[in-house]
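Asks: Take this structure, written in structure tokens, and hold onto it; I'll ask about it next.
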Amino acid sequence: MEPSVDWSQVAAIDQVIAKERRAVTRLALGCSLPDWIASRLIADWGEAEATSIARALNERAPMTVRVNTLRGTRDEAVELLKSEGIETHAGRFAREALILDTRTNLFGTRAFKDGWVEAQDEGSQLLAELVDPYGTVVDLCAGAGGKTLAMAAMMKSRGRIVASDVDARKLEELKKRARRAGVSNTRAVAPEALDELRGRADRVLVDAPCS
């Protein structure tokens, strides 16, 4: 049995923090931040905006997925997820982004196992869209291939994408994800194998450090 919470004591603590005269200390205590971060936020944004930013940092990040259009449309993915009891809504920025409203183990769903969706935040999805991939694309610092797979879907598995990373284990994971997603135009190679493409790529993506 979980211990009960005395909310009156919690409110009393909040009142004590609110009375703190030093803005940095007030922000640090109220939002569980180190003093140096609170100080930097206030210096950069002013106290009111810094408080809004700090509170946002304490919120649970949304679970965002990218619909793999090699499997079907975003609307079809919505219905597939709904059949598993998962409600979603469209992302704000990326074309194929869905945000899961239902807390769930995404990786245990049929939609994920069958390659309909990949966990990917909208920032990463937008980078893939900005590349506007065609022809021969090189994805340097590809990691496990989130943006590689997004570009492959945009290219409808035509052309070719050469993904490279210094971490061979991540490239092996990329290969597994590509098979699950039904991607057929992607090759994962070590950096030293890229010389053959020097001056021949139509697009090169270097997302370092990762978005």
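Just remember, in the structure tokens the first chain shown is A, the second B, etc., residues are 1-based per chain, and ligands are 1-based in the order shown.
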Got a sec to tell me which of stretch 16-166 of chain A DSSP assigns to strand (DSSP E or B), as a ChimeraX atom specification?
Replies: /A:63-67,88-90,97-100,117-119,136-140,160-164
Asks: Quick one: residues within 8 Å of stretch 111-120 of chain A, only C-alpha atoms counted, chain neighbours fewer than 2 positions away excluded, as a PDB file with C-alpha atoms, in the first residue's frame?
Replies:
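Just written: selection33.pdb:
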ATOM      1  CA  MET A  63       5.696   9.799 -27.315  1.00  0.00           C
ATOM      2  CA  THR A  64       5.966  10.668 -30.991  1.00  0.00           C
ATOM      3  CA  VAL A  65       6.090   8.214 -33.870  1.00  0.00           C
ATOM      4  CA  ARG A  66       6.685   8.511 -37.592  1.00  0.00           C
ATOM      5  CA  VAL A  67       4.280   6.632 -39.820  1.00  0.00           C
ATOM      6  CA  ASN A  68       6.136   4.473 -42.322  1.00  0.00           C
ATOM      7  CA  THR A  69       4.414   5.324 -45.601  1.00  0.00           C
ATOM      8  CA  ARG A  71       3.345   0.318 -45.216  1.00  0.00           C
ATOM      9  CA  GLY A  72       0.391   2.674 -45.615  1.00  0.00           C
ATOM     10  CA  ALA A  77      -1.793   3.820 -39.056  1.00  0.00           C
ATOM     11  CA  LEU A  80      -4.293   0.277 -36.704  1.00  0.00           C
ATOM     12  CA  LEU A  81      -3.149   1.838 -33.444  1.00  0.00           C
ATOM     13  CA  LEU A 106       5.044   1.009 -28.172  1.00  0.00           C
ATOM     14  CA  PHE A 107       7.587  -1.697 -28.947  1.00  0.00           C
ATOM     15  CA  GLY A 108       5.100  -4.410 -27.967  1.00  0.00           C
ATOM     16  CA  THR A 109       2.437  -3.247 -30.415  1.00  0.00           C
ATOM     17  CA  GLU A 122       9.322  15.654 -34.807  1.00  0.00           C
ATOM     18  CA  SER A 124      14.348  14.399 -36.432  1.00  0.00           C
ATOM     19  CA  GLN A 125      11.455  13.908 -38.836  1.00  0.00           C
ATOM     20  CA  GLY A 146      15.966   6.918 -37.810  1.00  0.00           C
ATOM     21  CA  ARG A 180      11.112  -4.432 -40.356  1.00  0.00           C
ATOM     22  CA  ALA A 181      10.156  -1.281 -42.273  1.00  0.00           C
ATOM     23  CA  GLY A 182      10.363  -2.939 -45.698  1.00  0.00           C
TER      24      GLY A 182
END
Asks: Please, which residues of chain A, numbered as in this document, come out helix (DSSP H, G or I) from DSSP, as JSON, numbers by chain?
Replies: {"A": [7, 8, 9, 10, 11, 12, 13, 14, 15, 16, 17, 18, 23, 24, 25, 26, 27, 28, 29, 30, 31, 35, 36, 37, 38, 39, 40, 41, 42, 43, 44, 45, 47, 48, 49, 50, 51, 52, 53, 54, 55, 56, 57, 74, 75, 76, 77, 78, 79, 80, 81, 82, 83, 106, 107, 108, 110, 111, 112, 113, 122, 123, 124, 125, 126, 127, 128, 129, 130, 131, 146, 147, 148, 149, 150, 151, 152, 153, 154, 168, 169, 170, 171, 172, 173, 174, 175, 176, 177, 178, 179, 180, 181, 191, 192, 193, 194, 195, 196, 197]}
Asks: Residues within 9 Å of stretch 33-38 of chain A, please, as a PyMOL selection string. Count only C-alpha atoms; anything in the same chain fewer than 5 positions from it doesn't count.
Replies: chain A and resi 23-28+43+50-51+54
Asks: Got a sec: who's within 9 Å of stretch 185-195 of chain A, counting only C-alpha atoms, leaving out chain neighbours fewer than 4 positions off, as a count of residues only?
Replies: 25
Asks: Please measure the separation of atom CA of A:Ser39 and atom CA of A:Arg22, giving the value in Å to one decimal.
Replies: 10.5 Å
Asks: Between atom CA of A:Ala128 and atom CA of A:Ser52, measure the distance and give it in Å to one decimal.
Replies: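 Atom CA of A:Ser52 lies 29.6 Å from atom CA of A:Ala128.
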Asks: Neighbouring residues of A:Pro133 were defined as those with any atom within 7 Å, considering only C-alpha atoms; residues of the same chain fewer than 3 positions away were excluded. Please report them as a list in words.
Replies: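 Contacts, in chain order: Val137, Met151, Met155 and Arg203 of chain A.
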Asks: Quick one: everything within 7 Å of A:Asp202, counting only C-alpha atoms, minus sequence neighbours fewer than 5 positions away in the same chain. Send it as a list of chain:residue names.
Replies: A:Tyr134, A:Gly135, A:Thr136, A:Val137
Asks: So which one's closest to A:Cys141, A:Gly85, A:Gly30, A:Pro209, A:Gly199? Using only C-alpha atoms, please.
Replies: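 Ranked by minimum distance to A:Cys141, first place goes to A:Pro209.
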Asks: My list of candidates is A:Ala48, A:Val204, A:Ala12, A:Leu41. Which is closest to A:Val131 when distances are computed with only C-alpha atoms?
Replies: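 With only C-alpha atoms as the atom set, the closest residue is A:Val204.
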Asks: For the atom pair atom CA of A:Arg21 and atom CA of A:Gly46, what is the interatomic distance in Å to one decimal place?
Replies: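 Going from atom CA of A:Arg21 over to atom CA of A:Gly46 covers 15.4 Å.
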Asks: Restricting the calculation to only C-alpha atoms: of A:Asp207, A:Glu84, A:Glu96, A:Glu49, which residue gets closest to A:Asp121?
Replies: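 Smallest distance to A:Asp121 is found for A:Glu96.
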